[in-house]
>>> print(open('run_23.cif').read())   # mmCIF, C-alpha atoms
data_model
loop_
_atom_site.group_PDB
_atom_site.id
_atom_site.type_symbol
_atom_site.label_atom_id
_atom_site.label_comp_id
_atom_site.auth_asym_id
_atom_site.auth_seq_id
_atom_site.Cartn_x
_atom_site.Cartn_y
_atom_site.Cartn_z
ATOM 1 C CA MET H 1203 64.481 -17.322 82.045
ATOM 2 C CA ASN H 1204 66.047 -20.633 83.033
ATOM 3 C CA ALA H 1205 65.688 -21.866 79.434
ATOM 4 C CA PHE H 1206 67.491 -18.746 78.233
ATOM 5 C CA ARG H 1207 70.430 -19.472 80.559
ATOM 6 C CA CYS H 1208 70.620 -23.078 79.346
ATOM 7 C CA LEU H 1209 70.558 -21.970 75.735
ATOM 8 C CA SER H 1210 73.217 -19.316 76.392
ATOM 9 C CA ALA H 1211 75.416 -21.857 78.147
ATOM 10 C CA LEU H 1212 75.018 -24.303 75.275
ATOM 11 C CA ILE H 1213 75.929 -21.688 72.676
ATOM 12 C CA LEU H 1214 78.904 -20.485 74.713
ATOM 13 C CA THR H 1215 80.181 -24.044 75.189
ATOM 14 C CA SER H 1216 79.902 -24.896 71.503
ATOM 15 C CA TRP H 1217 81.613 -21.642 70.533
ATOM 16 C CA MET H 1218 84.495 -22.235 72.931
ATOM 17 C CA SER H 1219 84.978 -25.822 71.763
ATOM 18 C CA SER H 1220 85.088 -24.726 68.139
ATOM 19 C CA ALA H 1221 87.597 -22.017 68.994
ATOM 20 C CA VAL H 1222 89.851 -24.547 70.744
ATOM 21 C CA TYR H 1223 89.648 -27.189 68.027
ATOM 22 C CA GLY H 1224 89.099 -24.927 65.019
ATOM 23 C CA GLN H 1225 91.558 -24.438 62.192
ATOM 24 C CA THR H 1226 93.417 -21.232 61.719
ATOM 25 C CA LEU H 1227 93.134 -19.290 58.512
ATOM 26 C CA ALA H 1228 96.684 -20.307 57.609
ATOM 27 C CA ASP H 1229 95.770 -24.015 57.959
ATOM 28 C CA VAL H 1230 92.776 -23.579 55.671
ATOM 29 C CA ALA H 1231 94.899 -21.727 53.085
ATOM 30 C CA ARG H 1232 97.563 -24.470 53.180
ATOM 31 C CA GLN H 1233 94.953 -27.159 52.636
ATOM 32 C CA GLU H 1234 93.404 -25.240 49.735
ATOM 33 C CA ARG H 1235 96.814 -24.799 48.051
ATOM 34 C CA ALA H 1236 97.497 -28.520 48.445
ATOM 35 C CA ARG H 1237 94.098 -29.381 46.981
ATOM 36 C CA LYS H 1238 94.656 -27.096 43.959
ATOM 37 C CA LYS H 1239 98.152 -28.527 43.409
ATOM 38 C CA ALA H 1240 96.730 -32.061 43.483
ATOM 39 C CA LEU H 1241 94.085 -31.067 40.925
ATOM 40 C CA GLU H 1242 96.702 -29.605 38.603
ATOM 41 C CA SER H 1243 98.872 -32.704 38.796
ATOM 42 C CA LYS H 1244 96.123 -35.123 37.797
ATOM 43 C CA ILE H 1245 93.430 -34.754 35.179
ATOM 44 C CA VAL H 1246 90.013 -36.162 35.966
ATOM 45 C CA ILE H 1247 87.839 -36.662 32.916
ATOM 46 C CA ASN H 1248 84.076 -36.339 33.218
ATOM 47 C CA GLU H 1249 81.898 -37.371 30.277
ATOM 48 C CA THR H 1250 78.912 -35.245 29.370
ATOM 49 C CA SER H 1251 76.312 -35.404 26.655
ATOM 50 C CA ALA H 1252 77.344 -34.456 23.156
ATOM 51 C CA PRO H 1253 76.115 -34.804 19.597
ATOM 52 C CA ALA H 1254 75.796 -38.343 18.292
ATOM 53 C CA GLY H 1255 79.148 -39.967 17.635
ATOM 54 C CA LYS H 1256 81.071 -37.522 19.830
ATOM 55 C CA THR H 1257 82.008 -37.478 23.488
ATOM 56 C CA VAL H 1258 82.647 -34.266 25.372
ATOM 57 C CA THR H 1259 85.075 -34.599 28.236
ATOM 58 C CA THR H 1260 86.081 -31.977 30.714
ATOM 59 C CA ALA H 1261 89.522 -31.897 32.233
ATOM 60 C CA ALA H 1262 89.136 -30.987 35.896
ATOM 61 C CA ALA H 1263 92.347 -28.969 35.938
ATOM 62 C CA THR H 1264 91.267 -26.710 33.081
ATOM 63 C CA ASP H 1265 87.470 -27.169 32.912
ATOM 64 C CA LYS H 1266 87.738 -26.778 29.144
ATOM 65 C CA PRO H 1267 85.594 -29.163 27.085
ATOM 66 C CA ILE H 1268 87.430 -31.575 24.833
ATOM 67 C CA VAL H 1269 85.408 -33.154 22.025
ATOM 68 C CA THR H 1270 86.571 -36.563 20.839
ATOM 69 C CA ALA H 1271 85.076 -39.231 18.636
ATOM 70 C CA ALA H 1272 83.206 -41.802 20.691
ATOM 71 C CA THR H 1273 83.010 -45.457 19.989
ATOM 72 C CA PRO H 1274 79.367 -46.333 19.457
ATOM 73 C CA THR H 1275 78.031 -48.371 22.333
ATOM 74 C CA ALA H 1276 75.932 -51.385 21.583
ATOM 75 C CA PRO H 1277 72.339 -50.945 22.678
ATOM 76 C CA LYS H 1278 71.360 -52.932 25.725
ATOM 77 C CA GLY H 1279 68.235 -54.997 25.388
ATOM 78 C CA PRO H 1280 65.891 -55.319 22.421
ATOM 79 C CA VAL H 1281 66.166 -53.076 19.380
ATOM 80 C CA ASP H 1282 63.907 -52.308 16.436
ATOM 81 C CA ASN H 1283 64.624 -53.144 12.780
ATOM 82 C CA LYS H 1284 66.904 -50.121 12.450
ATOM 83 C CA GLY H 1285 68.980 -50.840 15.576
ATOM 84 C CA ARG H 1286 67.374 -48.215 17.822
ATOM 85 C CA ASP H 1287 66.687 -49.215 21.402
ATOM 86 C CA GLU H 1288 64.072 -48.267 23.973
ATOM 87 C CA THR H 1289 66.127 -45.340 25.285
ATOM 88 C CA TYR H 1290 66.218 -43.742 21.844
ATOM 89 C CA TRP H 1291 62.473 -44.047 21.379
ATOM 90 C CA ARG H 1292 61.546 -42.896 24.868
ATOM 91 C CA THR H 1293 63.813 -39.836 24.555
ATOM 92 C CA THR H 1294 62.437 -39.023 21.106
ATOM 93 C CA PHE H 1295 58.835 -39.281 22.279
ATOM 94 C CA GLN H 1296 59.579 -37.262 25.410
ATOM 95 C CA ASN H 1297 61.059 -34.440 23.317
ATOM 96 C CA ALA H 1298 58.082 -34.532 20.942
ATOM 97 C CA ARG H 1299 55.622 -34.416 23.851
ATOM 98 C CA GLN H 1300 57.466 -31.458 25.369
ATOM 99 C CA GLY H 1301 57.156 -29.642 22.036
ATOM 100 C CA LEU H 1302 53.448 -30.479 21.928
ATOM 101 C CA LYS H 1303 52.992 -29.202 25.488
ATOM 102 C CA ARG H 1304 54.733 -25.921 24.626
ATOM 103 C CA ALA H 1305 52.525 -25.509 21.542
ATOM 104 C CA GLU H 1306 49.360 -26.248 23.550
ATOM 105 C CA ASP H 1307 50.389 -23.782 26.254
ATOM 106 C CA ARG H 1308 51.087 -21.083 23.677
ATOM 107 C CA ALA H 1309 47.717 -21.652 21.997
ATOM 108 C CA LYS H 1310 45.923 -21.466 25.366
ATOM 109 C CA LEU H 1311 47.812 -18.308 26.298
ATOM 110 C CA LEU H 1312 46.846 -16.629 23.039
ATOM 111 C CA ASP H 1313 43.211 -17.684 23.517
ATOM 112 C CA VAL H 1314 43.182 -16.042 26.947
ATOM 113 C CA LYS H 1315 44.912 -12.936 25.588
ATOM 114 C CA LEU H 1316 42.395 -12.634 22.749
ATOM 115 C CA THR H 1317 39.471 -13.036 25.145
ATOM 116 C CA ASP H 1318 40.935 -10.355 27.405
ATOM 117 C CA LEU H 1319 41.453 -7.945 24.511
ATOM 118 C CA ASN H 1320 37.890 -8.477 23.278
ATOM 119 C CA SER H 1321 36.462 -7.819 26.724
ATOM 120 C CA GLN H 1322 38.594 -4.668 27.031
ATOM 121 C CA LEU H 1323 37.219 -3.540 23.681
ATOM 122 C CA LEU H 1324 33.664 -4.004 24.908
ATOM 123 C CA ARG H 1325 34.337 -2.165 28.181
ATOM 124 C CA GLU H 1326 36.207 0.783 26.681
ATOM 125 C CA GLY H 1327 34.489 2.682 23.923
ATOM 126 C CA ILE H 1328 37.022 5.496 23.542
ATOM 127 C CA ALA H 1329 37.982 5.902 19.877
ATOM 128 C CA ASN H 1330 41.785 6.034 20.325
ATOM 129 C CA ARG H 1331 41.836 3.130 22.737
ATOM 130 C CA GLU H 1332 39.463 1.156 20.504
ATOM 131 C CA ARG H 1333 41.834 1.470 17.545
ATOM 132 C CA GLU H 1334 44.787 0.269 19.660
ATOM 133 C CA LEU H 1335 42.759 -2.650 20.964
ATOM 134 C CA ARG H 1336 41.626 -3.662 17.477
ATOM 135 C CA GLU H 1337 45.263 -3.628 16.303
ATOM 136 C CA SER H 1338 46.239 -5.786 19.279
ATOM 137 C CA ILE H 1339 43.354 -8.145 18.546
ATOM 138 C CA ASP H 1340 44.413 -8.482 14.903
ATOM 139 C CA THR H 1341 48.025 -9.161 15.912
ATOM 140 C CA THR H 1342 46.915 -11.719 18.484
ATOM 141 C CA LYS H 1343 44.686 -13.462 15.922
ATOM 142 C CA LYS H 1344 47.673 -13.793 13.583
ATOM 143 C CA GLU H 1345 49.814 -15.165 16.417
ATOM 144 C CA GLN H 1346 46.979 -17.521 17.344
ATOM 145 C CA ALA H 1347 46.778 -18.856 13.778
ATOM 146 C CA ALA H 1348 50.544 -19.467 13.780
ATOM 147 C CA ALA H 1349 50.310 -21.160 17.182
ATOM 148 C CA ASN H 1350 47.533 -23.432 15.944
ATOM 149 C CA ILE H 1351 49.660 -24.434 12.961
ATOM 150 C CA GLU H 1352 52.548 -25.151 15.336
ATOM 151 C CA LEU H 1353 50.206 -27.192 17.550
ATOM 152 C CA GLN H 1354 48.990 -29.250 14.595
ATOM 153 C CA ALA H 1355 52.588 -29.831 13.491
ATOM 154 C CA ALA H 1356 53.530 -31.043 16.984
ATOM 155 C CA GLN H 1357 50.540 -33.397 17.065
ATOM 156 C CA GLN H 1358 51.447 -34.702 13.608
ATOM 157 C CA LYS H 1359 55.049 -35.264 14.716
ATOM 158 C CA ILE H 1360 53.873 -37.553 17.520
ATOM 159 C CA ARG H 1361 51.599 -39.449 15.119
ATOM 160 C CA ASP H 1362 54.515 -39.808 12.677
ATOM 161 C CA LEU H 1363 56.807 -41.077 15.441
ATOM 162 C CA GLU H 1364 54.197 -43.632 16.500
ATOM 163 C CA GLU H 1365 53.906 -44.816 12.907
ATOM 164 C CA GLU H 1366 57.684 -44.955 12.497
ATOM 165 C CA LEU H 1367 57.967 -46.990 15.695
ATOM 166 C CA ARG H 1368 55.276 -49.371 14.453
ATOM 167 C CA LEU H 1369 56.954 -49.800 11.057
ATOM 168 C CA SER H 1370 60.384 -50.342 12.608
ATOM 169 C CA GLY H 1371 59.059 -53.207 14.707
ATOM 170 C CA GLY H 1372 59.587 -51.639 18.125
ATOM 171 C CA PRO H 1373 57.207 -52.484 20.964
ATOM 172 C CA PRO H 1374 54.373 -49.960 21.414
ATOM 173 C CA GLY H 1375 55.383 -49.480 25.056
ATOM 174 C CA TRP H 1376 58.451 -47.558 23.929
ATOM 175 C CA ALA H 1377 56.138 -44.707 22.902
ATOM 176 C CA ARG H 1378 55.073 -44.062 26.487
#
>>> encode(input="run_23.cif", output="structure tokens")
Amino acid sequence: MNAFRCLSALILTSWMSSAVYGQTLADVARQERARKKALESKIVINETSAPAGKTVTTAAATDKPIVTAATPTAPKGPVDNKGRDETYWRTTFQNARQGLKRAEDRAKLLDVKLTDLNSQLLREGIANRERELRESIDTTKKEQAAANIELQAAQQKIRDLEEELRLSGGPPGWAR
């Protein structure tokens, strides 16, 4: 019970001190109006990603994107024969690997779905349900074939990127 009294006293003391030193609602509103007025009087520009050769800036006062032509920045560090740096290659490979991962996940998901449908077909021998299951199995097999083609295309894309990197003279470490 003594701990409860100490805790109550602590809470009461902190509440009273905040009430004495706290701001009124009018003070908070005045500060917010001053902050908004300051934002309207100056424009802060934030750069964000945009298509190659363009820069998207956002004016803080309006939050509307403004697209302008960007001056190309010189790559920092070593480049390949075509002027592409490590950042370009690492980003390109990362995107390709993400596509490969999505394709692999889709193929695995369809494999599991097909296995589940086949086991349902074996468990349930009712004629109407069997027809529905066979239709679902056929549809899943078609989706699985398309997913396997997508998977092979994603794997080929990575192989092509590796070959392009090799031919352009970039270090193999950029493919990691």
>>> closest_residue(input="run_23.cif", among="H:Arg1232, H:Lys1284, H:Lys1239, H:Lys1278", to="Glu1366 (chain H)", atoms="all atoms listed in the file")
H:Lys1284
>>> resolve_selection(input="run_23.cif", expression="the PyMOL selection byres ((chain H and resi 1316) around 10)", output="list in words")
Lys1310, Leu1311, Leu1312, Asp1313, Val1314, Lys1315, Thr1317, Asp1318, Leu1319, Asn1320, Ser1321, Gln1322, Ser1338, Ile1339, Asp1340, Thr1341, Thr1342, Lys1343 and Gln1346 of chain H
>>> residues_near_point(input="run_23.cif", point="(66.1, -51.9, 15.5)", cutoff="12 Å", atoms="all atoms listed in the file", output="NGL selection string")
:H and (1276-1291 or 1366-1373)
>>> atom_distance(input="run_23.cif", atom1="CA of Glu1337 (chain H)", atom2="CA of Leu1324 (chain H)")
14.4 Å
>>> atom_distance(input="run_23.cif", atom1="CA of Leu1353 (chain H)", atom2="CA of Arg1336 (chain H)")
25.0 Å
>>> closest_residue(input="run_23.cif", among="H:Ala1309, H:Leu1323, H:Val1230, H:Ile1360", to="Glu1345 (chain H)", atoms="only C-alpha atoms")
H:Ala1309
>>> closest_residue(input="run_23.cif", among="H:Arg1235, H:Gly1375, H:Ala1240, H:Thr1294", to="Asp1362 (chain H)", atoms="only C-alpha atoms")
H:Thr1294
>>> atom_distance(input="run_23.cif", atom1="CA of Ile1351 (chain H)", atom2="CA of Glu1334 (chain H)")
26.1 Å
>>> closest_residue(input="run_23.cif", among="H:Arg1304, H:Lys1238, H:Lys1344, H:Arg1378", to="Glu1364 (chain H)", atoms="all atoms listed in the file")
H:Arg1378
>>> closest_residue(input="run_23.cif", among="H:Glu1332, H:Ala1377, H:Arg1292, H:Arg1308", to="Arg1361 (chain H)", atoms="only C-alpha atoms")
H:Ala1377
>>> residues_around(input="run_23.cif", residues="Ala1305 (chain H)", least_positions_apart="6", cutoff="9 Å", atoms="all atoms listed in the file", output="ChimeraX atom specification")
/H:1349-1350,1352-1354,1356
